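Peer 1: Just one file: run_20.csv, with CSV, C-alpha atoms.
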chain,number,residue,atom,x,y,z
P,1321,MET,CA,0.0,0.0,0.0
P,1322,LYS,CA,1.3,3.4,-1.0
P,1323,ARG,CA,2.5,5.5,2.0
P,1324,PRO,CA,1.0,9.0,1.9
P,1325,LYS,CA,3.4,11.9,1.6
P,1326,ILE,CA,2.9,14.8,4.1
P,1327,VAL,CA,4.9,17.9,3.4
P,1328,VAL,CA,5.2,20.6,6.0
P,1329,VAL,CA,6.4,24.1,5.0
P,1330,GLY,CA,7.8,26.1,7.9
P,1331,ALA,CA,9.2,25.3,11.4
P,1332,GLY,CA,7.6,28.2,13.3
P,1333,TYR,CA,5.0,28.0,16.0
P,1334,ALA,CA,2.3,26.6,13.7
P,1335,GLY,CA,4.5,24.0,11.9
P,1336,MET,CA,6.2,22.8,15.1
P,1337,SER,CA,2.9,22.6,17.0
P,1338,PHE,CA,1.6,20.4,14.2
P,1339,LEU,CA,4.6,18.2,14.1
P,1340,THR,CA,5.0,17.7,17.8
P,1341,SER,CA,1.3,17.0,18.2
P,1342,LEU,CA,1.3,14.1,15.6
P,1343,LYS,CA,1.1,10.6,17.1
P,1344,ALA,CA,4.1,8.3,16.6
P,1345,ALA,CA,1.8,6.0,14.6
P,1346,THR,CA,1.4,8.7,12.0
P,1347,PHE,CA,5.1,8.8,11.3
P,1348,LYS,CA,5.0,5.1,10.8
P,1349,ARG,CA,2.0,5.3,8.5
P,1350,ALA,CA,3.2,8.2,6.3
P,1351,ASP,CA,6.3,9.8,4.9
P,1352,VAL,CA,6.7,13.2,6.5
P,1353,THR,CA,9.0,15.9,5.1
P,1354,LEU,CA,9.7,19.3,6.6
P,1355,ILE,CA,10.9,22.1,4.4
P,1356,SER,CA,12.6,24.8,6.4
P,1357,PRO,CA,15.3,27.4,5.4
P,1358,THR,CA,17.1,26.7,8.7
P,1359,ARG,CA,17.8,23.8,10.9
P,1360,PHE,CA,16.3,25.6,13.9
P,1361,HIS,CA,12.9,26.5,15.4
P,1362,THR,CA,13.1,30.1,16.6
P,1363,GLN,CA,10.8,31.6,19.2
P,1364,THR,CA,10.2,34.9,17.4
P,1365,THR,CA,8.2,36.3,20.3
P,1366,MET,CA,11.5,36.4,22.3
P,1367,LEU,CA,13.8,38.0,19.7
P,1368,HIS,CA,13.8,41.4,21.4
P,1369,LYS,CA,15.5,39.7,24.3
P,1370,VAL,CA,18.3,38.6,22.1
P,1371,ALA,CA,18.7,42.1,20.6
P,1372,THR,CA,19.1,43.7,24.0
P,1373,ARG,CA,21.0,41.0,25.8
P,1374,GLU,CA,18.0,40.5,28.1
P,1375,SER,CA,18.2,37.1,29.9
P,1376,ALA,CA,16.7,34.5,27.6
P,1377,SER,CA,17.3,30.8,27.0
P,1378,HIS,CA,16.1,28.4,24.3
P,1379,VAL,CA,15.3,31.1,21.8
P,1380,ARG,CA,16.7,29.0,19.0
P,1381,LEU,CA,16.3,25.2,19.1
P,1382,PRO,CA,17.9,22.6,16.7
P,1383,LEU,CA,15.1,20.8,14.9
P,1384,ARG,CA,16.8,17.4,15.4
P,1385,ASP,CA,16.6,17.8,19.2
P,1386,ILE,CA,12.8,18.0,18.9
P,1387,LEU,CA,11.6,15.9,15.9
P,1388,PRO,CA,11.7,12.2,15.3
P,1389,ASN,CA,14.5,10.7,13.1
P,1390,SER,CA,11.9,9.3,10.7
P,1391,LEU,CA,11.0,12.8,9.6
P,1392,SER,CA,13.0,14.1,6.7
P,1393,ILE,CA,14.2,17.7,6.9
P,1394,LEU,CA,14.9,19.6,3.6
P,1395,GLU,CA,17.0,22.6,4.5
P,1396,THR,CA,15.8,25.1,1.8
P,1397,ARG,CA,13.2,27.6,1.1
P,1398,ALA,CA,9.9,26.9,-0.6
P,1399,THR,CA,9.6,29.2,-3.7
P,1400,ARG,CA,6.2,28.2,-5.0
P,1401,LEU,CA,3.2,26.1,-4.1
P,1402,ASP,CA,1.6,24.2,-7.0
P,1403,LEU,CA,-1.7,23.2,-5.5
P,1404,ALA,CA,-3.1,21.7,-8.7
P,1405,GLY,CA,0.0,19.6,-9.3
P,1406,GLN,CA,0.4,18.8,-5.6
P,1407,ARG,CA,4.0,19.8,-5.3
P,1408,VAL,CA,6.2,22.4,-3.6
P,1409,GLU,CA,9.0,24.0,-5.7
P,1410,THR,CA,12.3,24.7,-4.0
P,1411,PRO,CA,15.8,25.6,-5.2
P,1412,LEU,CA,16.8,22.0,-4.5
P,1413,GLY,CA,14.0,20.6,-6.7
P,1414,THR,CA,10.3,19.8,-6.6
P,1415,VAL,CA,8.8,18.0,-3.6
P,1416,PRO,CA,5.5,16.1,-4.3
P,1417,TYR,CA,2.9,15.7,-1.7
P,1418,ASP,CA,-0.4,14.0,-0.9
P,1419,TYR,CA,-1.1,16.4,1.9
P,1420,LEU,CA,0.4,19.9,2.3
P,1421,ILE,CA,0.7,21.7,5.6
P,1422,CYS,CA,1.7,25.2,4.8
P,1423,ALA,CA,3.0,27.1,7.9
P,1424,ALA,CA,5.3,29.4,6.0
P,1425,GLY,CA,5.2,32.2,8.5
P,1426,PHE,CA,5.3,36.0,7.9
P,1427,ASP,CA,7.0,38.8,6.1
P,1428,VAL,CA,7.2,42.4,7.1
P,1429,GLU,CA,4.4,44.7,6.1
P,1430,ASP,CA,6.0,48.0,4.9
P,1431,PHE,CA,2.8,49.7,3.7
P,1432,HIS,CA,4.8,50.9,0.7
P,1433,ILE,CA,6.7,53.4,2.9
P,1434,PRO,CA,10.1,54.3,1.4
P,1435,GLY,CA,13.1,53.1,3.3
P,1436,VAL,CA,11.5,50.5,5.6
P,1437,ASP,CA,14.1,48.0,4.3
P,1438,ARG,CA,16.8,50.2,5.9
P,1439,ALA,CA,15.3,49.7,9.4
P,1440,PHE,CA,16.0,46.7,11.6
P,1441,ARG,CA,13.3,44.1,11.6
P,1442,LEU,CA,13.0,41.3,14.1
P,1443,THR,CA,12.1,38.4,11.8
P,1444,SER,CA,14.7,35.8,12.6
P,1445,TYR,CA,17.4,34.9,15.1
P,1446,GLU,CA,20.0,36.3,12.7
P,1447,SER,CA,18.2,39.7,12.4
P,1448,ALA,CA,18.1,39.9,16.3
P,1449,LEU,CA,21.9,39.3,16.4
P,1450,GLN,CA,22.4,42.0,13.8
P,1451,LEU,CA,20.4,44.5,15.9
P,1452,GLU,CA,22.3,43.4,19.0
P,1453,LYS,CA,25.6,44.1,17.3
P,1454,ALA,CA,24.5,47.5,15.9
P,1455,PHE,CA,23.0,48.4,19.3
P,1456,GLN,CA,26.3,47.7,21.1
P,1457,SER,CA,28.3,49.5,18.5
P,1458,ALA,CA,26.1,52.6,18.7
P,1459,LEU,CA,26.5,52.6,22.5
P,1460,GLU,CA,30.2,52.4,22.2
P,1461,GLN,CA,30.3,55.2,19.7
P,1462,ALA,CA,28.1,57.3,21.9
P,1463,GLN,CA,30.4,56.8,24.8
P,1464,LYS,CA,33.5,57.8,22.7
P,1465,THR,CA,31.8,61.0,21.4
P,1466,GLN,CA,29.9,61.8,24.6
P,1467,THR,CA,26.7,62.1,22.7
P,1468,SER,CA,23.2,60.9,23.5
P,1469,LEU,CA,21.9,57.9,21.6
P,1470,SER,CA,18.4,58.0,19.9
P,1471,LEU,CA,16.5,54.8,19.0
P,1472,VAL,CA,13.2,54.9,17.1
P,1473,ILE,CA,10.8,52.0,17.3
P,1474,CYS,CA,7.9,52.2,14.7
P,1475,GLY,CA,4.8,50.3,15.7
P,1476,GLY,CA,2.6,50.4,18.8
P,1477,GLY,CA,1.5,46.8,18.9
P,1478,LEU,CA,2.8,43.9,21.0
P,1479,THR,CA,6.2,43.7,19.2
P,1480,GLY,CA,6.8,47.5,19.2
P,1481,VAL,CA,5.9,47.8,22.9
P,1482,GLU,CA,8.1,44.9,23.9
P,1483,VAL,CA,11.1,46.1,21.8
P,1484,ALA,CA,10.8,49.6,23.2
P,1485,GLY,CA,10.7,48.5,26.8
P,1486,SER,CA,13.6,46.1,26.4
P,1487,CYS,CA,15.7,48.7,24.6
P,1488,GLN,CA,15.1,51.4,27.2
P,1489,VAL,CA,15.9,49.1,30.1
P,1490,ALA,CA,19.1,48.2,28.3
P,1491,LEU,CA,20.0,51.9,27.8
P,1492,ASN,CA,19.2,52.7,31.4
P,1493,ARG,CA,21.4,49.9,32.6
P,1494,TYR,CA,24.2,51.0,30.4
P,1495,ALA,CA,23.9,54.6,31.4
P,1496,ARG,CA,24.0,53.8,35.1
P,1497,ALA,CA,27.1,51.7,34.7
P,1498,ILE,CA,29.2,53.8,32.4
P,1499,GLU,CA,27.8,57.1,31.2
P,1500,PRO,CA,28.6,60.5,32.9
P,1501,ALA,CA,25.8,62.7,34.1
P,1502,GLY,CA,24.2,64.9,31.4
P,1503,LEU,CA,23.8,62.3,28.7
P,1504,SER,CA,20.3,61.0,28.1
P,1505,HIS,CA,19.8,58.0,25.8
P,1506,ARG,CA,16.3,57.9,24.4
P,1507,VAL,CA,13.9,55.4,22.9
P,1508,MET,CA,11.0,56.9,20.9
P,1509,LEU,CA,8.0,54.7,20.1
P,1510,ILE,CA,6.0,56.0,17.1
P,1511,ASN,CA,2.5,54.6,16.9
P,1512,ALA,CA,0.0,55.4,14.1
P,1513,ASP,CA,-3.0,54.4,16.3
P,1514,ALA,CA,-4.7,56.5,18.9
P,1515,ARG,CA,-3.2,54.4,21.7
P,1516,LEU,CA,-0.8,51.5,22.3
P,1517,LEU,CA,-1.9,47.9,22.0
P,1518,PRO,CA,-5.1,48.5,20.1
P,1519,GLY,CA,-6.0,44.7,20.3
P,1520,LEU,CA,-6.3,45.0,24.1
P,1521,SER,CA,-8.4,47.3,26.3
P,1522,ALA,CA,-7.8,51.0,26.6
P,1523,SER,CA,-6.9,50.6,30.2
P,1524,ILE,CA,-4.2,48.1,29.4
P,1525,GLY,CA,-2.8,50.3,26.6
P,1526,ALA,CA,-2.7,53.2,29.0
P,1527,GLN,CA,-0.9,51.2,31.7
P,1528,ALA,CA,1.7,50.0,29.1
P,1529,GLN,CA,2.3,53.6,28.0
P,1530,ALA,CA,2.6,54.8,31.6
P,1531,HIS,CA,5.3,52.2,32.4
P,1532,LEU,CA,7.2,52.9,29.1
P,1533,GLU,CA,7.2,56.6,30.0
P,1534,ALA,CA,8.4,55.8,33.5
P,1535,LEU,CA,11.3,53.9,32.0
P,1536,GLY,CA,12.1,56.9,29.8
P,1537,VAL,CA,10.5,56.0,26.5
P,1538,VAL,CA,8.9,58.9,24.5
P,1539,VAL,CA,5.6,57.7,23.1
P,1540,LYS,CA,4.1,59.5,20.1
P,1541,ASN,CA,0.6,58.2,19.3
P,1542,LYS,CA,-1.4,59.2,16.2
P,1543,THR,CA,1.8,59.7,14.4
P,1544,VAL,CA,2.4,58.3,10.9
P,1545,VAL,CA,5.8,57.5,9.4
P,1546,SER,CA,6.2,58.6,5.8
P,1547,ALA,CA,9.9,57.6,5.2
P,1548,VAL,CA,12.9,56.0,6.8
P,1549,SER,CA,16.5,56.6,6.1
P,1550,ASP,CA,19.8,55.4,7.7
P,1551,ASP,CA,19.7,58.2,10.4
P,1552,THR,CA,16.2,59.8,10.2
P,1553,VAL,CA,12.6,58.8,10.5
P,1554,THR,CA,10.3,61.3,8.6
P,1555,LEU,CA,6.8,61.8,9.7
P,1556,GLN,CA,3.7,62.8,7.8
P,1557,GLY,CA,3.8,66.6,7.9
P,1558,GLY,CA,7.5,66.7,7.3
P,1559,GLU,CA,9.0,66.5,10.8
P,1560,SER,CA,12.3,64.6,10.9
P,1561,ILE,CA,13.3,62.5,13.9
P,1562,PRO,CA,17.0,61.8,14.2
P,1563,ALA,CA,17.7,58.1,14.8
P,1564,HIS,CA,20.9,56.2,15.3
P,1565,LEU,CA,18.9,53.0,15.0
P,1566,THR,CA,15.4,52.4,13.7
P,1567,VAL,CA,13.4,49.2,14.4
P,1568,TRP,CA,10.3,48.5,12.2
P,1569,ALA,CA,7.6,46.7,14.2
P,1570,ALA,CA,4.5,48.2,12.5
P,1571,GLY,CA,3.0,45.1,11.2
P,1572,VAL,CA,3.4,41.8,9.3
P,1573,ARG,CA,1.6,40.0,6.5
P,1574,GLY,CA,1.7,36.3,5.5
P,1575,SER,CA,4.7,34.9,3.8
P,1576,ASP,CA,5.3,36.2,0.2
P,1577,LEU,CA,5.3,32.5,-0.8
P,1578,ILE,CA,1.5,32.7,-0.6
P,1579,GLY,CA,1.2,35.9,-2.7
P,1580,LYS,CA,3.3,34.2,-5.4
P,1581,SER,CA,1.4,31.0,-5.3
P,1582,ILE,CA,-2.2,31.9,-4.5
P,1583,PRO,CA,-3.3,35.2,-6.1
P,1584,GLU,CA,-6.7,35.3,-4.4
P,1585,SER,CA,-5.1,35.4,-0.9
P,1586,VAL,CA,-5.6,38.4,1.3
P,1587,LYS,CA,-2.4,40.0,2.5
P,1588,ASN,CA,-0.8,36.7,1.8
P,1589,ARG,CA,-3.2,34.8,4.0
P,1590,VAL,CA,-5.5,32.1,2.6
P,1591,MET,CA,-9.1,32.2,3.5
P,1592,VAL,CA,-9.5,28.6,4.8
P,1593,ASN,CA,-12.6,26.6,5.6
P,1594,GLU,CA,-13.6,25.4,9.0
P,1595,HIS,CA,-11.0,22.6,8.8
P,1596,LEU,CA,-8.2,25.0,7.8
P,1597,GLN,CA,-8.2,23.7,4.3
P,1598,HIS,CA,-8.0,25.6,1.0
P,1599,PRO,CA,-11.7,25.8,-0.1
P,1600,ARG,CA,-10.9,24.1,-3.5
P,1601,TRP,CA,-7.7,22.1,-2.9
P,1602,THR,CA,-8.8,20.3,0.3
P,1603,ASN,CA,-5.6,18.3,0.7
P,1604,ALA,CA,-3.8,21.6,1.3
P,1605,PHE,CA,-4.0,23.1,4.8
P,1606,PHE,CA,-2.8,26.6,5.9
P,1607,ILE,CA,-2.0,27.5,9.5
P,1608,GLY,CA,-0.3,30.2,11.4
P,1609,ASP,CA,0.4,33.6,9.7
P,1610,VAL,CA,-0.6,32.3,6.2
P,1611,SER,CA,-4.2,31.3,7.2
P,1612,LEU,CA,-7.1,33.7,7.5
P,1613,VAL,CA,-9.5,32.4,10.1
P,1614,ARG,CA,-12.7,34.2,11.1
P,1615,ASP,CA,-14.3,34.2,14.5
P,1616,ALA,CA,-18.0,33.6,15.2
P,1617,SER,CA,-18.9,37.2,14.2
P,1618,GLY,CA,-17.0,36.9,10.9
P,1619,ALA,CA,-14.1,39.1,11.9
P,1620,PRO,CA,-10.6,37.8,11.0
P,1621,LEU,CA,-8.6,36.6,13.9
P,1622,PRO,CA,-5.2,38.3,14.3
P,1623,PRO,CA,-2.3,36.0,13.5
P,1624,THR,CA,-0.7,35.3,16.9
P,1625,ALA,CA,1.5,32.6,18.3
P,1626,GLN,CA,-1.4,31.4,20.4
P,1627,LEU,CA,-3.6,31.0,17.4
P,1628,ALA,CA,-0.8,29.2,15.5
P,1629,LEU,CA,-0.3,26.7,18.4
P,1630,GLN,CA,-3.9,25.8,18.5
P,1631,GLU,CA,-4.2,25.5,14.8
P,1632,GLY,CA,-1.2,23.2,14.7
P,1633,ALA,CA,-2.5,20.9,17.4
P,1634,TYR,CA,-6.0,20.8,15.9
P,1635,LEU,CA,-4.6,20.0,12.4
P,1636,ALA,CA,-2.5,17.1,13.8
P,1637,ALA,CA,-5.6,15.4,15.2
P,1638,THR,CA,-7.7,16.2,12.1
P,1639,LEU,CA,-5.1,14.9,9.6
P,1640,GLU,CA,-4.8,11.7,11.6
P,1641,LYS,CA,-8.6,11.2,11.1
P,1642,VAL,CA,-8.2,11.9,7.4
P,1643,LEU,CA,-5.5,9.3,7.1
P,1644,LEU,CA,-7.8,6.8,8.8
P,1645,GLY,CA,-10.5,7.5,6.2
P,1646,GLN,CA,-12.9,9.3,8.6
P,1647,ASN,CA,-15.1,11.8,6.8
P,1648,HIS,CA,-16.7,13.6,9.8
P,1649,LEU,CA,-14.2,16.1,11.0
P,1650,PRO,CA,-14.7,18.6,13.8
P,1651,ALA,CA,-14.4,22.3,12.9
P,1652,PHE,CA,-11.6,24.4,14.2
P,1653,THR,CA,-12.5,26.6,17.1
P,1654,PHE,CA,-10.1,29.1,18.6
P,1655,HIS,CA,-10.1,29.4,22.4
P,1656,HIS,CA,-8.7,32.7,23.4
P,1657,GLN,CA,-6.7,32.2,26.6
P,1658,GLY,CA,-5.5,35.8,27.0
P,1659,THR,CA,-2.8,38.1,25.8
P,1660,ILE,CA,0.4,39.1,27.6
P,1661,CYS,CA,2.8,41.9,26.6
P,1662,SER,CA,6.1,42.4,28.4
P,1663,VAL,CA,7.2,46.0,29.1
P,1664,GLY,CA,10.8,45.4,30.2
P,1665,PRO,CA,12.1,42.2,32.0
P,1666,ASP,CA,10.0,42.4,35.2
P,1667,TYR,CA,6.7,44.1,34.1
P,1668,ALA,CA,3.9,43.1,31.8
P,1669,VAL,CA,0.4,44.0,31.0
P,1670,ALA,CA,-2.2,41.3,30.1
P,1671,THR,CA,-5.8,40.3,29.6
P,1672,VAL,CA,-6.2,36.8,31.0
P,1673,TRP,CA,-9.2,35.0,32.4
P,1674,GLY,CA,-11.3,38.0,31.3
P,1675,LYS,CA,-9.4,40.3,33.6
P,1676,ASP,CA,-6.9,43.1,32.9
P,1677,LEU,CA,-3.6,42.7,34.8
P,1678,ALA,CA,-0.4,44.8,35.1
P,1679,GLY,CA,2.8,44.4,37.0
P,1680,ARG,CA,5.1,41.6,38.0
P,1681,MET,CA,2.4,38.8,38.1
P,1682,PRO,CA,1.7,38.8,34.3
P,1683,SER,CA,5.4,39.0,33.7
P,1684,ILE,CA,5.8,35.7,35.7
P,1685,LEU,CA,2.8,34.3,33.9
P,1686,LYS,CA,4.4,35.0,30.5
P,1687,ARG,CA,7.5,33.1,31.5
P,1688,PHE,CA,5.3,30.2,32.5
P,1689,VAL,CA,3.7,30.2,29.0
P,1690,GLU,CA,7.1,30.3,27.4
P,1691,LYS,CA,8.2,27.3,29.6
P,1692,LYS,CA,5.1,25.4,28.8
P,1693,TRP,CA,5.9,25.5,25.1
P,1694,LEU,CA,9.5,24.6,25.7
P,1695,PHE,CA,8.3,21.6,27.8
P,1696,LYS,CA,6.2,20.4,24.8
P,1697,LEU,CA,9.2,20.7,22.5
P,1698,LEU,CA,12.1,19.5,24.8
P,1699,GLY,CA,10.5,17.8,27.7
P,1700,PRO,CA,11.9,18.4,31.2
P,1701,LYS,CA,15.2,19.9,29.9
P,1702,GLY,CA,13.1,22.8,28.4
P,1703,LEU,CA,12.4,24.0,31.9
P,1704,PHE,CA,16.0,24.8,32.7
Is it possible to give me this structure as structure tokens?
Peer 2:
Amino acid sequence: MKRPKIVVVGAGYAGMSFLTSLKAATFKRADVTLISPTRFHTQTTMLHKVATRESASHVRLPLRDILPNSLSILETRATRLDLAGQRVETPLGTVPYDYLICAAGFDVEDFHIPGVDRAFRLTSYESALQLEKAFQSALEQAQKTQTSLSLVICGGGLTGVEVAGSCQVALNRYARAIEPAGLSHRVMLINADARLLPGLSASIGAQAQAHLEALGVVVKNKTVVSAVSDDTVTLQGGESIPAHLTVWAAGVRGSDLIGKSIPESVKNRVMVNEHLQHPRWTNAFFIGDVSLVRDASGAPLPPTAQLALQEGAYLAATLEKVLLGQNHLPAFTFHHQGTICSVGPDYAVATVWGKDLAGRMPSILKRFVEKKWLFKLLGPKGLF
């Protein structure tokens, strides 16, 4: 009997949740191949800690430490999905499939603003190391020239707030240790929305802003960026903000792989059915940043790590039913368990269990959530 070929594209939260949720029997029943541009799973929600040397462990994990040896890993990038021909095109050749699990991740949304490609963008472990190197170099240069350092973070969502808080804490720590009085290193957070963290309550957004400002961050809401250069961020209206470093955290879209392969996608996200399948090609599933899932009211769910993890776990159980010939499949339902946003290493804001929280407790809770995922990936050693 022919063994079905399952091809997974992407080793982010969605792809790894799917693979680590599959039963051992599935790997014996099918040939499973993972296509990934790197040999690692990266916790992208922790990249700001790498960039600022904030204490963090297990940010990048070797795939072979997690996945079974029976799984094949093709270390390359998918360049096109041929849903009609049931194959994935890569620089190393074409990979055929019977079932496609596309979890290709995200690309930066630049809103066609000139110069965004000149800003730092936390999209990979390598990009975080590049920012860390530039950050330390800028600090050393500021010390030599006895000038104040200016960092600009564009974007007032979860990533922008976390990056701004982590950068300002690092600047404050550096200033206390080395800098003479009179110098004031500054982080400016530029946010196009009326308030920070628009996906959470107004109260949570206000508490996040208050803590950022207490750290020293300058927050500019209702402020739109019109251009970025190597040393300047230009705002609508013509104002120029000097910037030794600029970090772009103003939004993401689904992987450009989707736009190249599926023209009817929306911001490179596939409008899937209740089983996370492509409406026409039902042996192709899309999860994580490349899937467009709607809630009960019809509104699209924001692509978060939490959604990706739930989609991956659901799809593992669903595909196992498909392989066994079962036709009645449960619909995917997202269970929102809360949102936590760190604002520096020891403070966070959150909405969990239907309540708004701020302070050290949600910061501890976020570490617990991170450890829970590591435990699923690595077992007990992920806790240390």
Peer 1: For atom CA of Trp1601 of chain P and atom CA of Ser1392 of chain P, determine how far apart the two atoms are, in Å to one decimal place.
Peer 2: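 Going from atom CA of Trp1601 of chain P over to atom CA of Ser1392 of chain P, I get 24.2 Å.
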Peer 1: Env of segment 1446-1453 of chain P: 7 Å cut, atoms = only C-alpha atoms, seq-sep filter 6 positions within chain, self excluded. Answer as a PyMOL selection string.
Peer 2: chain P and resi 1367-1368+1370-1372+1440
Peer 1: Quick check, in Å to one decimal: how far apart do atom CA of Ser1617 of chain P and atom CA of Lys1587 of chain P lie?
Peer 2: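 Computed distance, atom CA of Ser1617 of chain P to atom CA of Lys1587 of chain P, equals 20.4 Å.
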Peer 1: Please provide the set of residues having any atom within 8 Å of segment 1485-1494 of chain P, restricted to only C-alpha atoms, with same-chain residues fewer than 2 positions apart removed, written as a count of residues only.
Peer 2: 23
Peer 1: Skipping near chain neighbours, those fewer than 3 positions away, what residues fall within 7 Å of Pro1623 of chain P using all atoms listed in the file, listed as a ChimeraX atom specification?
Peer 2: /P:1608-1609,1627
Peer 1: Which one is closest to Leu1383 of chain P: P:Ala1563, P:Ala1678, P:Met1336, P:Cys1422? Count only C-alpha atoms.
Peer 2: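 Nearest to Leu1383 of chain P: P:Met1336.
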Peer 1: The residues within 10 Å of (29.4, 55.9, 25.4), using all atoms listed in the file and the coordinates of the file, should be reported as an MDAnalysis selection string; which are they?
Peer 2: chainID P and resid 1456:1469 1494:1495 1498:1500 1503 1505
Peer 1: List the spatial neighbours of Tyr1634 of chain P as a list in words - criterion: any atom at most 9 Å away, only C-alpha atoms, same-chain residues fewer than 4 positions off excluded.
Peer 2: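 Within the cut-off, the hits are Phe1338, Ser1341, His1595, Leu1629, Gln1630, Thr1638, Leu1639, Phe1652 and Thr1653 of chain P.
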Peer 1: Here is a test: counting all atoms listed in the file, which residue of P:Lys1691, P:Arg1441, P:Arg1589, P:Arg1397 is nearest to Pro1357 of chain P?
Peer 2: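 Selected residue with least distance to Pro1357 of chain P: P:Arg1397.
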Peer 1: Could you check the closest approach to Asp1550 of chain P for each of P:Lys1348, P:Lys1325, P:Arg1600, P:His1564 and tell me which residue wins, using all atoms listed in the file?
Peer 2: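 Among the listed residues, P:His1564 lies closest to Asp1550 of chain P.
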Peer 1: Interatomic distance between atom CA of Thr1353 of chain P and atom CA of Leu1394 of chain P?
Peer 2: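 Atom CA of Thr1353 of chain P sits 7.1 Å away from atom CA of Leu1394 of chain P.
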Peer 1: At a cut-off of 10 Å, using only C-alpha atoms, what residues contact Ser1560 of chain P? Leave out same-chain residues fewer than 5 positions from it and give the result as a CSV table (one decimal) with C-alpha atoms, in the frame of the given file.
Peer 2:
chain,number,residue,atom,x,y,z
P,1545,VAL,CA,5.8,57.5,9.4
P,1546,SER,CA,6.2,58.6,5.8
P,1547,ALA,CA,9.9,57.6,5.2
P,1548,VAL,CA,12.9,56.0,6.8
P,1551,ASP,CA,19.7,58.2,10.4
P,1552,THR,CA,16.2,59.8,10.2
P,1553,VAL,CA,12.6,58.8,10.5
P,1554,THR,CA,10.3,61.3,8.6
P,1555,LEU,CA,6.8,61.8,9.7
Peer 1: From the set P:Ala1454, P:Ala1625, P:Ala1636, P:Val1669, which residue has the shortest atom-to-atom contact distance to Ile1524 of chain P, counting only C-alpha atoms?
Peer 2: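 Using only C-alpha atoms, the shortest distance to Ile1524 of chain P belongs to P:Val1669.
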Peer 1: For a quick check of your reading of the model, name the residues lying within 7 Å of the coordinate (0.2, 19.1, 4.3), counting only C-alpha atoms, and write them as an mmCIF file with C-alpha atoms, in the frame of the given file.
Peer 2:
data_model
loop_
_atom_site.group_PDB
_atom_site.id
_atom_site.type_symbol
_atom_site.label_atom_id
_atom_site.label_comp_id
_atom_site.auth_asym_id
_atom_site.auth_seq_id
_atom_site.Cartn_x
_atom_site.Cartn_y
_atom_site.Cartn_z
ATOM 1 C CA ILE P 1326 2.900 14.800 4.100
ATOM 2 C CA VAL P 1327 4.900 17.900 3.400
ATOM 3 C CA VAL P 1328 5.200 20.600 6.000
ATOM 4 C CA TYR P 1419 -1.100 16.400 1.900
ATOM 5 C CA LEU P 1420 0.400 19.900 2.300
ATOM 6 C CA ILE P 1421 0.700 21.700 5.600
ATOM 7 C CA CYS P 1422 1.700 25.200 4.800
ATOM 8 C CA ASN P 1603 -5.600 18.300 0.700
ATOM 9 C CA ALA P 1604 -3.800 21.600 1.300
ATOM 10 C CA PHE P 1605 -4.000 23.100 4.800
#
Peer 1: Pick out the closest residue to Ile1433 of chain P from this set: P:Ile1684, P:Gly1332, P:Cys1474, P:Trp1693. Count all atoms listed in the file.
Peer 2: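 Looking at the shortest contact to Ile1433 of chain P, the residue is P:Cys1474.
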